[in-house]
Amino acid sequence: MTTRAVTSIRPRALVRASGGPRYAVALAVDALGTGLLRPFLLLYGVMVLRLSAPATGIAMTVGVVVGLLCMPAVGRWLDRGARSTVVAASMLVRALGVVLLLAAPAGHVWPFAAAALVLGAGNQAWPAAHAALVATVAHGRERDAALAAGRALRNAGLGVGALLATACLAGGAAALQALAAVTGLAYLTAAALARSVHLRARPAAPPDGDGATGGDGAGGDGTTGGDGAGGPTPRMRALLAANVVYVFCLNVPEIALPLVLVTQLHASPVWSAAIFVANTVLVVALQVPLTVLLSRFARRTVLALAGVVLAASYLGFLAATSLGGGWGAPAVAAVSVVCTLGEIVYAGSATALVTALAPAPVLGRTLARFELSTGFGLAVSPAAITALAPHGPTALWGGLAAATLLSASAVATEKDRPVPPKTRAGTGG
């Protein structure tokens with residue numbers, strides 16, 4: 001079943017569909033604070049706590065992976081109707097992580113690892129909580145545009161925060177500590193704003209069937225909770241497996257391209273910085289328009305298309321790196337635009353498809369499963385990219401292209417199990 005495409009972008013309607021003005025401000029403040037610290041957490045461990053780079057990196061990776069263990073509990077909490085409370089809690093958890101970071105003594109890796117774990121748990125919980133909140137407010141394709149707007153706003157905040165932090169890094173360890181403190185205050189402010197929205201969906205009906213409806217469009221279309229608080233979660237096996245590969249594209253501008261540009265093409269680091277800035281600007285500018293433009297097509301079709309675009313960009317990187325010399329870096333930068341377009345199409349369709357497939361009673365658990373696959377992909381992609389890169393461009397870009405095309409094929413051919421209309425969290429796929 002499909003829904004009417006969104007044909008125009010109305011800013012006020014988009015803000016309402018995204019949770020309202022206060023919630024939009026909360027997202028902006030949260031993203032700004034995250035941009036101040038998150039890209040420089042490794043530097044904090046090295047410069048402030050005087051830890052070795054390998055120990056800091058391992059602690060951060062373990063923190064992200066272990067942080068994923070909170071997702072089942074987050075999913076169950078969302079399925080009990082919580083919305084803005086869960087979003088605020090994810091921000092408060094990160095504020096606690098900043099407190100642990102500031103309290104960590106120099107030369108001790110375990111306190112830093114504990115801070116990274118708490119920060120990781122908050123970072124993992126936020127996307128599912130945010131998607132559930134938007135699915136409660138917005139319906140159909142308007143929900144897709146609202147999710148896209150949230151991502152654009154978040155990327156803008158992250159970019160501004162990172163630029164401010166970069167300008168402050170000349171202050172050394174003291175500047176990093178100050179940035180961490182400001183980040184903690186930003187998280188507390190964002191949590192208070194998010195909590196003040198007081199948005200909650202009535203939980204689905206209990207198994208005996210005499211309970212409340214899904215309330216407020218708990219799954220995004222105002223449908224009733226249907227047959228029970230439990231309800232089967234959609235399997236989405238191919239989609240979840242493919243998503244692990246798809247999310248590699250999020251780390252390509254930050255990890256793969258700098259690695260290739262500096263170590264293989266011997267280009268100036270300025271190219272890596274320019275590509276990262278261009279990626280951020282394109283996401284902010286095009287995430288909503290492209291999502292709206294593609295809303296005339298089925299979400300699964302768009303997600304498969306994203307895989308094809310990403311695979312084509314990987315093959316483009318393979319061709320660009322073969323140029324070497326003075327042409328390699330500009331060619332990589334040009335191809336990175338195609339990769340960013342693929343990332344935008346992926347981000348605009350993946351979460352939207354999951355919310356559309358999820359029965360309302362298990363929307364939270366379905367989103368939690370999806371976030372588990374996303375978090376796992378983000379955790380393993382740096383190791384996979386750095387392991388493939390020494391074997392040459394063909395191994396890296398050819399391997400990524402093949403895996404992504406296979407994933408796109410799996411997404412396109414997977415059959416959705418029909419969901420009764422009264423339990424559907426969103427319409428269309």
# chains A, B, ... in the order shown; residues from 1 in each chain; ligands from 1

call {"tool": "residues_around", "arguments": {"residues": "Leu400 (chain A)", "least_positions_apart": "3", "cutoff": "12 Å", "atoms": "only C-alpha atoms", "output": "VMD selection string"}}
result
chain A and resid 244 to 249 252 256 307 to 308 310 to 318 381 384 to 385 388 to 389 393 to 397 403 to 407

call {"tool": "residues_around", "arguments": {"residues": "region 350-352 of chain A", "least_positions_apart": "4", "cutoff": "7 Å", "atoms": "only C-alpha atoms", "output": "list in words"}}
result
Asp144, Leu303, Tyr346 and Ala356 of chain A

call {"tool": "residues_around", "arguments": {"residues": "Leu43 (chain A)", "least_positions_apart": "4", "cutoff": "9 Å", "atoms": "only C-alpha atoms", "output": "MDAnalysis selection string"}}
result
chainID A and resid 39 47:48 53 56 173 176

call {"tool": "residues_around", "arguments": {"residues": "region 76-87 of chain A", "least_positions_apart": "6", "cutoff": "8 Å", "atoms": "only C-alpha atoms", "output": "ChimeraX atom specification"}}
result
/A:125-126,129-130,132-133,191,194-195,197-204,218,229,361-365

call {"tool": "select_by_dssp", "arguments": {"residues": "region 61-289 of chain A", "states": "alpha helix (DSSP H)", "output": "PyMOL selection string"}}
result
chain A and resi 61-67+71-79+84-103+109-137+140-168+172-195+237-246+248-251+257-259+269-289

call {"tool": "write_last_selection", "arguments": {"atoms": "C-alpha atoms", "output": "compact mmCIF listing (two decimals), in the first residue's frame"}}
result
# COMPACT_ATOMS: atom_id res chain seq x y z
CA THR A 61 34.88 1.07 20.02
CA VAL A 62 33.99 -1.06 23.03
CA GLY A 63 31.83 1.77 24.33
CA VAL A 64 29.85 1.93 21.09
CA VAL A 65 29.38 -1.84 20.87
CA VAL A 66 28.40 -2.32 24.51
CA GLY A 67 26.15 0.73 24.27
CA MET A 71 18.49 -0.99 22.63
CA PRO A 72 16.11 -3.83 23.58
CA ALA A 73 15.16 -1.96 26.76
CA VAL A 74 14.72 1.27 24.78
CA GLY A 75 12.43 -0.54 22.34
CA ARG A 76 10.24 -1.92 25.12
CA TRP A 77 10.07 1.51 26.78
CA LEU A 78 8.90 3.07 23.52
CA ASP A 79 6.28 0.35 23.07
CA SER A 84 9.66 12.69 24.50
CA THR A 85 10.72 11.10 27.80
CA VAL A 86 12.94 8.59 26.00
CA VAL A 87 14.46 11.30 23.81
CA ALA A 88 15.19 13.40 26.90
CA ALA A 89 16.62 10.37 28.70
CA SER A 90 19.06 9.70 25.84
CA MET A 91 20.29 13.29 26.19
CA LEU A 92 20.57 13.05 29.98
CA VAL A 93 22.56 9.82 29.63
CA ARG A 94 25.04 11.63 27.40
CA ALA A 95 25.26 14.46 29.93
CA LEU A 96 26.20 11.84 32.53
CA GLY A 97 28.82 10.52 30.11
CA VAL A 98 30.34 14.00 29.88
CA VAL A 99 30.45 14.22 33.70
CA LEU A 100 32.30 10.89 33.83
CA LEU A 101 34.66 12.15 31.13
CA LEU A 102 35.46 15.33 33.05
CA ALA A 103 35.99 13.34 36.26
CA VAL A 109 41.82 4.06 30.62
CA TRP A 110 38.90 2.44 32.49
CA PRO A 111 37.24 5.72 33.61
CA PHE A 112 37.50 6.92 30.01
CA ALA A 113 36.02 3.63 28.80
CA ALA A 114 33.12 4.05 31.24
CA ALA A 115 32.46 7.55 29.90
CA ALA A 116 32.63 6.27 26.31
CA LEU A 117 30.16 3.50 27.20
CA VAL A 118 27.63 5.90 28.70
CA LEU A 119 28.03 8.32 25.78
CA GLY A 120 27.65 5.39 23.38
CA ALA A 121 24.43 4.23 25.06
CA GLY A 122 22.91 7.69 24.74
CA ASN A 123 24.04 8.03 21.13
CA GLN A 124 22.53 4.63 20.24
CA ALA A 125 19.22 5.26 22.00
CA TRP A 126 18.56 8.66 20.43
CA PRO A 127 17.80 7.69 16.77
CA ALA A 128 15.13 5.13 17.65
CA ALA A 129 13.53 7.45 20.22
CA HIS A 130 13.52 10.35 17.76
CA ALA A 131 12.04 8.24 14.96
CA ALA A 132 9.29 6.96 17.28
CA LEU A 133 8.46 10.50 18.36
CA VAL A 134 8.19 11.73 14.77
CA ALA A 135 6.09 8.67 13.86
CA THR A 136 3.68 9.68 16.62
CA VAL A 137 3.24 13.21 15.29
CA GLY A 140 2.55 8.85 5.82
CA ARG A 141 4.91 10.68 3.52
CA GLU A 142 4.82 13.80 5.70
CA ARG A 143 6.55 11.64 8.32
CA ASP A 144 9.31 10.79 5.83
CA ALA A 145 9.90 14.49 5.17
CA ALA A 146 9.93 15.19 8.92
CA LEU A 147 12.54 12.49 9.51
CA ALA A 148 14.62 13.98 6.69
CA ALA A 149 14.28 17.46 8.20
CA GLY A 150 15.48 16.16 11.55
CA ARG A 151 18.56 14.67 9.91
CA ALA A 152 19.31 17.89 8.03
CA LEU A 153 18.96 19.94 11.21
CA ARG A 154 21.17 17.52 13.12
CA ASN A 155 23.88 17.60 10.47
CA ALA A 156 23.81 21.40 10.49
CA GLY A 157 24.24 21.45 14.26
CA LEU A 158 27.02 18.88 14.13
CA GLY A 159 28.83 20.84 11.44
CA VAL A 160 28.62 24.16 13.29
CA GLY A 161 29.71 22.52 16.53
CA ALA A 162 32.68 20.85 14.86
CA LEU A 163 33.75 24.14 13.26
CA LEU A 164 33.57 25.96 16.60
CA ALA A 165 35.52 23.18 18.29
CA THR A 166 38.17 23.22 15.56
CA ALA A 167 38.66 26.94 16.08
CA CYS A 168 39.12 26.33 19.82
CA GLY A 172 45.08 22.50 23.82
CA ALA A 173 43.93 20.29 26.68
CA ALA A 174 42.22 23.12 28.57
CA ALA A 175 40.15 23.96 25.50
CA LEU A 176 39.04 20.33 25.11
CA GLN A 177 37.94 20.24 28.74
CA ALA A 178 35.98 23.46 28.27
CA LEU A 179 34.34 22.05 25.14
CA ALA A 180 33.34 18.94 27.08
CA ALA A 181 31.77 21.08 29.81
CA VAL A 182 29.81 23.11 27.25
CA THR A 183 28.69 19.85 25.62
CA GLY A 184 27.32 18.61 28.95
CA LEU A 185 25.39 21.85 29.44
CA ALA A 186 24.02 21.58 25.89
CA TYR A 187 22.79 18.04 26.58
CA LEU A 188 21.07 19.16 29.79
CA THR A 189 19.40 22.08 28.01
CA ALA A 190 18.29 19.88 25.12
CA ALA A 191 16.90 17.27 27.52
CA ALA A 192 14.84 19.89 29.35
CA LEU A 193 13.45 21.21 26.07
CA ALA A 194 12.64 17.73 24.76
CA ARG A 195 10.96 16.70 28.01
CA ARG A 237 16.05 -10.05 7.84
CA ALA A 238 17.33 -8.96 4.44
CA LEU A 239 16.71 -5.30 5.25
CA LEU A 240 18.57 -5.47 8.56
CA ALA A 241 21.51 -7.38 7.05
CA ALA A 242 21.67 -4.98 4.11
CA ASN A 243 21.58 -2.01 6.45
CA VAL A 244 24.83 -3.16 8.08
CA VAL A 245 26.52 -2.74 4.69
CA TYR A 246 24.64 0.40 3.69
CA PHE A 248 29.43 1.98 5.62
CA CYS A 249 28.65 5.02 3.44
CA LEU A 250 28.38 7.16 6.60
CA ASN A 251 32.03 6.46 7.44
CA LEU A 257 38.56 8.90 1.91
CA PRO A 258 41.09 10.51 4.31
CA LEU A 259 42.90 7.17 4.47
CA PRO A 269 44.76 16.77 4.28
CA VAL A 270 42.92 19.87 3.06
CA TRP A 271 41.17 17.64 0.50
CA SER A 272 39.78 15.43 3.25
CA ALA A 273 38.53 18.45 5.18
CA ALA A 274 36.94 19.94 2.05
CA ILE A 275 35.15 16.68 1.26
CA PHE A 276 33.82 16.42 4.83
CA VAL A 277 32.51 20.01 4.73
CA ALA A 278 30.94 19.46 1.30
CA ASN A 279 29.26 16.29 2.58
CA THR A 280 27.75 18.18 5.52
CA VAL A 281 26.56 21.08 3.36
CA LEU A 282 24.96 18.77 0.78
CA VAL A 283 23.13 16.76 3.44
CA VAL A 284 21.78 19.93 5.06
CA ALA A 285 20.72 21.43 1.72
CA LEU A 286 19.37 18.35 -0.09
CA GLN A 287 18.11 15.88 2.51
CA VAL A 288 14.55 17.23 2.60
CA PRO A 289 14.17 18.18 -1.10

call {"tool": "closest_residue", "arguments": {"among": "A:Leu42, A:Leu36, A:Ala329, A:Ala401", "to": "His266 (chain A)", "atoms": "only C-alpha atoms"}}
result
A:Ala329

call {"tool": "closest_residue", "arguments": {"among": "A:Ala408, A:Ala379, A:Phe370, A:Gly326", "to": "Gly342 (chain A)", "atoms": "only C-alpha atoms"}}
result
A:Ala408
